[in-house]
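Source file: upload-v7.txt (compact mmCIF, C-alpha atoms)
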```txt
# COMPACT_ATOMS: atom_id res chain seq x y z
CA MET A 1 257.31 -87.26 31.04
CA GLY A 2 256.93 -87.69 34.75
CA CYS A 3 255.05 -90.46 36.46
CA CYS A 4 252.10 -88.16 37.22
CA THR A 5 251.25 -87.53 33.57
CA GLY A 6 248.44 -88.93 31.47
CA ARG A 7 250.82 -91.41 29.87
CA CYS A 8 251.65 -93.13 33.16
CA SER A 9 247.99 -93.04 34.15
CA LEU A 10 247.05 -94.76 30.89
CA ILE A 11 249.70 -97.42 31.51
CA CYS A 12 248.21 -98.12 34.94
CA LEU A 13 244.70 -98.27 33.49
CA CYS A 14 245.79 -100.74 30.82
CA ALA A 15 247.37 -102.92 33.49
CA LEU A 16 244.13 -102.88 35.52
CA GLN A 17 242.12 -103.73 32.41
CA LEU A 18 244.39 -106.68 31.70
CA LEU A 19 243.98 -108.03 35.23
CA SER A 20 240.20 -107.62 35.20
CA ALA A 21 239.90 -109.15 31.73
CA LEU A 22 242.00 -112.17 32.72
CA GLU A 23 239.90 -112.67 35.86
CA ARG A 24 236.72 -112.50 33.83
CA GLN A 25 238.12 -114.82 31.16
CA ILE A 26 238.85 -117.52 33.75
CA PHE A 27 235.28 -117.58 35.06
CA ASP A 28 233.81 -117.44 31.56
CA PHE A 29 235.89 -120.49 30.65
CA LEU A 30 234.59 -122.29 33.71
CA GLY A 31 231.02 -121.52 32.62
CA PHE A 32 231.64 -122.28 28.91
CA GLN A 33 230.41 -118.83 27.91
CA TRP A 34 231.85 -118.78 24.39
CA ALA A 35 230.66 -115.32 23.33
CA PRO A 36 232.23 -113.58 26.35
CA ILE A 37 235.35 -115.71 25.93
CA LEU A 38 235.82 -114.46 22.38
CA GLY A 39 235.18 -110.87 23.44
CA ASN A 40 237.61 -111.09 26.35
CA PHE A 41 240.29 -112.54 24.08
CA LEU A 42 240.01 -109.64 21.63
CA HIS A 43 239.94 -107.18 24.52
CA ILE A 44 243.16 -108.55 25.98
CA ILE A 45 244.94 -108.28 22.62
CA VAL A 46 243.86 -104.67 22.04
CA VAL A 47 244.74 -103.62 25.59
CA ILE A 48 248.22 -105.08 25.17
CA LEU A 49 248.49 -103.18 21.89
CA GLY A 50 247.45 -99.96 23.59
CA LEU A 51 249.89 -100.58 26.43
CA PHE A 52 252.71 -101.12 23.95
CA GLY A 53 251.78 -97.98 22.02
CA THR A 54 251.73 -95.92 25.21
CA ILE A 55 255.15 -97.15 26.34
CA GLN A 56 256.77 -96.88 22.90
CA TYR A 57 255.15 -93.55 21.90
CA ARG A 58 253.06 -95.06 19.06
CA PRO A 59 249.89 -92.94 18.74
CA ARG A 60 248.42 -95.17 16.00
CA TYR A 61 248.25 -98.11 18.39
CA ILE A 62 246.55 -95.92 20.97
CA VAL A 63 243.99 -94.87 18.35
CA VAL A 64 243.14 -98.56 17.80
CA TYR A 65 242.79 -98.95 21.56
CA THR A 66 240.52 -95.90 21.73
CA VAL A 67 238.19 -97.23 19.03
CA TRP A 68 238.05 -100.61 20.71
CA THR A 69 237.14 -99.13 24.10
CA ALA A 70 234.01 -97.64 22.53
CA LEU A 71 233.08 -101.07 21.12
CA TRP A 72 233.90 -102.72 24.44
CA VAL A 73 231.59 -100.37 26.31
CA THR A 74 228.80 -101.22 23.87
CA TRP A 75 229.35 -104.95 24.36
CA ASN A 76 229.26 -104.70 28.14
CA VAL A 77 226.10 -102.60 28.01
CA PHE A 78 224.54 -105.43 25.99
CA ILE A 79 225.63 -107.96 28.63
CA ILE A 80 224.03 -105.86 31.35
CA CYS A 81 220.79 -105.68 29.37
CA PHE A 82 220.97 -109.43 28.76
CA TYR A 83 221.25 -110.43 32.42
CA LEU A 84 218.75 -107.81 33.57
CA GLU A 85 216.37 -108.93 30.79
CA VAL A 86 215.99 -105.48 29.29
CA GLY A 87 214.46 -105.05 25.84
CA GLY A 88 213.02 -108.54 25.50
CA LEU A 89 216.30 -110.32 26.30
CA SER A 90 216.30 -113.36 28.60
CA LYS A 91 219.18 -114.64 30.71
CA ASP A 92 217.83 -118.19 30.40
CA THR A 93 218.57 -118.42 26.68
CA ASP A 94 221.71 -119.97 25.17
CA LEU A 95 222.84 -116.76 23.50
CA MET A 96 226.14 -116.56 25.40
CA THR A 97 227.06 -120.09 24.33
CA PHE A 98 226.12 -119.57 20.66
CA ASN A 99 223.27 -122.09 21.20
CA ILE A 100 225.71 -125.01 21.23
CA SER A 101 225.31 -125.92 24.91
CA VAL A 102 222.98 -125.40 27.85
CA HIS A 103 225.61 -124.03 30.19
CA ARG A 104 225.00 -120.83 32.08
CA SER A 105 227.19 -118.44 34.02
CA TRP A 106 229.61 -120.09 36.44
CA TRP A 107 228.34 -117.77 39.15
CA ARG A 108 224.87 -119.31 38.92
CA GLU A 109 225.95 -122.33 40.96
CA HIS A 110 229.14 -121.05 42.63
CA GLY A 111 228.19 -117.59 43.80
CA PRO A 112 228.79 -116.34 47.35
CA GLY A 113 226.84 -118.52 49.80
CA CYS A 114 225.28 -120.69 47.09
CA VAL A 115 224.45 -124.31 47.94
CA ARG A 116 224.28 -126.61 44.92
CA ARG A 117 222.16 -129.76 45.02
CA VAL A 118 221.59 -132.20 42.17
CA LEU A 119 218.05 -133.61 41.99
CA PRO A 120 217.27 -137.09 40.60
CA PRO A 121 216.53 -136.88 36.86
CA SER A 122 213.20 -137.88 35.41
CA ALA A 123 212.80 -140.63 32.88
CA HIS A 124 213.03 -138.24 29.95
CA GLY A 125 215.65 -135.93 31.41
CA MET A 126 219.41 -135.60 31.30
CA MET A 127 221.82 -135.10 34.18
CA ASP A 128 223.54 -132.09 32.60
CA ASP A 129 220.31 -130.16 32.27
CA TYR A 130 220.11 -127.27 34.72
CA THR A 131 216.47 -128.17 35.38
CA TYR A 132 217.70 -130.87 37.77
CA VAL A 133 220.14 -128.67 39.71
CA SER A 134 218.89 -126.78 42.73
CA VAL A 135 220.84 -123.74 43.95
CA THR A 136 219.83 -122.07 47.20
CA GLY A 137 221.21 -119.68 49.77
CA CYS A 138 222.99 -117.31 47.36
CA ILE A 139 223.88 -113.98 48.94
CA VAL A 140 224.02 -112.27 45.53
CA ASP A 141 222.28 -113.64 42.44
CA PHE A 142 224.53 -114.56 39.53
CA GLN A 143 223.01 -111.99 37.17
CA TYR A 144 223.99 -109.18 39.49
CA LEU A 145 227.54 -110.51 39.70
CA GLU A 146 227.73 -110.48 35.91
CA VAL A 147 226.33 -106.95 35.89
CA ILE A 148 229.01 -105.85 38.38
CA HIS A 149 231.74 -107.35 36.19
CA SER A 150 230.41 -105.54 33.14
CA ALA A 151 230.03 -102.27 35.06
CA VAL A 152 233.67 -102.44 36.16
CA GLN A 153 234.72 -102.99 32.55
CA ILE A 154 232.66 -100.01 31.41
CA LEU A 155 234.16 -97.77 34.08
CA LEU A 156 237.74 -98.73 33.22
CA SER A 157 237.05 -98.35 29.51
CA LEU A 158 235.53 -94.88 29.86
CA VAL A 159 238.43 -93.62 31.94
CA GLY A 160 240.87 -95.27 29.54
CA PHE A 161 239.14 -93.63 26.59
CA VAL A 162 239.57 -90.17 28.13
CA TYR A 163 243.23 -90.71 28.96
CA ALA A 164 243.91 -92.27 25.57
CA CYS A 165 242.53 -89.21 23.77
CA TYR A 166 244.64 -86.97 26.00
CA VAL A 167 247.81 -88.99 25.38
CA ILE A 168 247.20 -89.00 21.62
CA SER A 169 246.89 -85.20 21.61
CA ILE A 170 250.14 -84.89 23.59
CA PHE A 171 251.99 -87.23 21.25
CA MET A 172 250.74 -85.38 18.17
CA GLU A 173 251.92 -82.05 19.57
CA GLU A 174 255.34 -83.44 20.41
CA GLU A 175 255.71 -84.99 16.95
CA ASP A 176 255.64 -81.50 15.46
CA THR A 177 258.88 -80.55 17.22
CA PHE A 178 260.60 -83.85 17.89
CA ASP A 179 261.04 -87.10 15.98
CA PHE A 180 260.74 -89.96 18.48
CA ILE A 181 262.52 -92.45 16.22
CA GLY A 182 265.52 -90.52 14.89
CA GLY A 183 265.92 -87.73 17.46
CA LEU A 184 265.83 -84.22 16.00
CA ASP A 185 264.25 -83.77 12.61
CA ALA A 186 267.09 -84.18 10.15
CA HIS A 187 265.53 -81.94 7.50
CA SER A 188 264.95 -78.99 9.82
CA TYR A 189 268.37 -79.53 11.39
CA TYR A 190 269.95 -79.38 7.95
CA GLN A 191 267.99 -76.28 6.96
CA ASP A 192 269.07 -74.44 10.10
CA HIS A 193 272.70 -75.06 9.32
CA VAL A 194 272.31 -74.15 5.66
CA GLU A 195 270.86 -70.78 6.65
CA LEU A 196 273.92 -70.07 8.79
CA LYS A 197 276.37 -70.59 5.94
CA PRO A 198 275.93 -67.18 4.22
CA VAL A 199 276.48 -65.46 7.58
CA ASN A 200 279.73 -67.33 8.08
CA LEU A 201 280.89 -66.51 4.56
CA GLN A 202 280.19 -62.82 5.03
CA ALA A 203 282.10 -62.86 8.27
CA LEU A 204 285.07 -64.40 6.52
CA GLN A 205 284.91 -61.91 3.65
CA SER A 206 284.79 -58.95 6.04
CA ALA A 207 287.81 -60.20 8.02
CA PRO A 208 291.16 -58.39 7.39
CA THR A 209 293.62 -60.15 5.09
CA CYS A 210 297.33 -60.48 5.48
CA THR A 211 299.45 -58.95 2.66
CA PHE A 212 302.59 -60.68 3.76
CA THR A 213 303.14 -64.00 2.06
CA ALA A 214 305.69 -66.74 2.21
CA SER A 215 307.81 -64.93 -0.41
CA HIS A 216 308.98 -62.52 2.29
CA VAL A 217 310.30 -65.42 4.33
CA GLN A 218 312.00 -66.87 1.27
CA ALA A 219 313.66 -63.51 0.66
CA GLN A 220 314.94 -63.52 4.23
CA ARG A 221 316.28 -67.03 3.70
CA LYS A 222 318.32 -65.87 0.71
CA LEU A 223 319.74 -62.93 2.70
CA ALA A 224 320.48 -65.01 5.77
CA SER A 225 323.89 -66.52 6.10
CA ASP A 226 323.63 -68.29 9.39
CA ASP A 227 321.39 -71.02 10.84
CA CYS A 228 319.81 -68.70 13.40
CA LEU A 229 318.04 -66.63 10.75
CA LEU A 230 316.88 -69.79 8.96
CA ASP A 231 315.35 -71.14 12.12
CA ARG A 232 313.76 -67.75 12.77
CA ALA A 233 312.17 -67.75 9.32
CA GLU A 234 310.69 -71.22 9.86
CA VAL A 235 309.18 -70.20 13.18
CA VAL A 236 307.55 -66.99 12.04
CA ALA A 237 306.24 -68.37 8.76
CA PRO A 238 302.83 -69.64 9.99
CA THR A 239 301.52 -66.31 11.40
CA CYS A 240 300.81 -62.99 9.74
CA SER A 241 302.37 -60.91 12.53
CA SER A 242 305.54 -62.97 12.43
CA LEU A 243 305.87 -62.50 8.67
CA ARG A 244 305.40 -58.75 9.08
CA LYS A 245 308.10 -58.69 11.75
CA ALA A 246 310.46 -60.77 9.64
CA ALA A 247 309.93 -58.48 6.65
CA LEU A 248 310.69 -55.33 8.66
CA ASP A 249 313.71 -56.84 10.36
CA PRO A 250 315.92 -58.51 7.74
CA TYR A 251 318.60 -59.43 10.27
CA PRO A 252 316.83 -60.52 13.45
CA CYS A 253 319.67 -62.63 14.74
CA ARG A 254 322.29 -59.94 14.31
CA ASN A 255 320.21 -57.42 16.27
CA LYS A 256 320.16 -59.64 19.36
```

Show me this structure written as structure tokens.
Amino acid sequence: MGCCTGRCSLICLCALQLLSALERQIFDFLGFQWAPILGNFLHIIVVILGLFGTIQYRPRYIVVYTVWTALWVTWNVFIICFYLEVGGLSKDTDLMTFNISVHRSWWREHGPGCVRRVLPPSAHGMMDDYTYVSVTGCIVDFQYLEVIHSAVQILLSLVGFVYACYVISIFMEEEDTFDFIGGLDAHSYYQDHVELKPVNLQALQSAPTCTFTASHVQAQRKLASDDCLLDRAEVVAPTCSSLRKAALDPYPCRNK
């Protein structure tokens, strides 16, 4: 396959998905977002599996990648709904941290242009509570940054899903005529040669036979009295025409 085919395009898409997933994983680690961290980890594994299957012509691995892309799109749609507070969801809940911490998205305090200021805690407060952190001057709110990340993942996954289905169909068609592991199909290769055997046998049976045998040469040896005729008999013995000539000319050396 050339570099302009769907296979090479899928390889490039998998590489882009790996880079984007690693970038997202880093910022989710910084924000202690455990649910996205787990999802990104699974996504990276499946993308590597799909990349390996594309390079090594393994359609089953690409099928796993295709199924996962559908699940990955669903997960990112949920994240978009979560940060946009669609369907009763709230971005201020601890859902992304499995309710084990009060951390929020890393972009909430470190977005473009954001100025972070820690306020003095009250008597009943705690320093790590986001109630006592003031963030101002953000060019883009953190929820929109998270939505952009999820939208990029959805776009790459949809394009990857289309190319993966195309590559699977190409691989399945090629498997009908070519075995990618052992070269040509050994069974069909054997059958083709078996079918040619009767034709070769008929050709041999229809070929003319030689009625002159080695007994003619032996007869000439008995009649010969010099070494020249003996050498002549040994030379003409292998071919049919030579045997015929030796049988018709009992004294070849004397006729010279």

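Reported to one decimal place, the separation of CA of Phe29 in chain A from CA of Cys12 in chain A is 25.9 Å.
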
Sphere at (221.9, -117.3, 51.9), radius 10 Å, counting only C-alpha atoms: residues as a ChimeraX atom specification: /A:112-115,136-140

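Relative to CA of Glu146 in chain A, CA of Leu84 in chain A is found at 9.7 Å.
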
Between CA of Val63 in chain A and CA of Ile168 in chain A, distance in Å (one decimal): 7.4 Å

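Using all atoms listed in the file, the shortest contact distance between Ser9 in chain A and any of A:Glu173, A:Leu51, A:Phe142, A:Ile80 is found at A:Leu51.
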
Shortest interatomic distance to Glu109 in chain A - which of A:Ser134, A:Thr69, A:Gln25, A:Thr93, counting all atoms listed in the file: A:Ser134

Show me as a compact mmCIF listing (two decimals) with C-alpha atoms, in the coordinates of the input the residues that reach within 12 Å of (230.3, -123.2, 22.9), counting only C-alpha atoms and using the file's own coordinates.
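Final file, out11.txt:
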```txt
# COMPACT_ATOMS: atom_id res chain seq x y z
CA ASP A 28 233.81 -117.44 31.56
CA PHE A 29 235.89 -120.49 30.65
CA LEU A 30 234.59 -122.29 33.71
CA GLY A 31 231.02 -121.52 32.62
CA PHE A 32 231.64 -122.28 28.91
CA GLN A 33 230.41 -118.83 27.91
CA TRP A 34 231.85 -118.78 24.39
CA ALA A 35 230.66 -115.32 23.33
CA PRO A 36 232.23 -113.58 26.35
CA ILE A 37 235.35 -115.71 25.93
CA LEU A 38 235.82 -114.46 22.38
CA ASP A 94 221.71 -119.97 25.17
CA LEU A 95 222.84 -116.76 23.50
CA MET A 96 226.14 -116.56 25.40
CA THR A 97 227.06 -120.09 24.33
CA PHE A 98 226.12 -119.57 20.66
CA ASN A 99 223.27 -122.09 21.20
CA ILE A 100 225.71 -125.01 21.23
CA SER A 101 225.31 -125.92 24.91
CA VAL A 102 222.98 -125.40 27.85
CA HIS A 103 225.61 -124.03 30.19
CA ARG A 104 225.00 -120.83 32.08
```

Counting all atoms listed in the file, the residue of A:Val159, A:Val147, A:Ile45, A:Leu22 that sits nearest Lys91 in chain A: A:Val147

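The smallest atom-to-atom distance between His43 in chain A and any of A:Ile26, A:Ile11, A:Leu18, A:Ala151, using all atoms listed in the file, is found for A:Leu18.
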
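Considering only C-alpha atoms, the residue among A:Glu175, A:Ser169, A:Gln143, A:Trp106 positioned nearest to Gly6 in chain A is A:Ser169.
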
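Excluding Val67 in chain A itself and any same-chain residue fewer than 4 positions from it, the protein and nucleic acid residues within 12 Å of it, counting all atoms listed in the file, are His43, Val46, Val47, Gly50, Arg60, Tyr61, Ile62, Val63, Leu71, Trp72, Val73, Thr74, Ser157, Leu158, Gly160, Phe161, Val162, Ala164 and Cys165 of chain A.
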
Return the padded bounding box of range 135-153 of chain A as lines of an AutoDock Vina configuration file: axis-aligned, built from all atoms listed in the file, 3 Å added on each side, with centre and edge lengths in Å to one decimal.
```
center_x = 227.3
center_y = -113.0
center_z = 41.2
size_x = 20.9
size_y = 27.5
size_z = 23.2
```
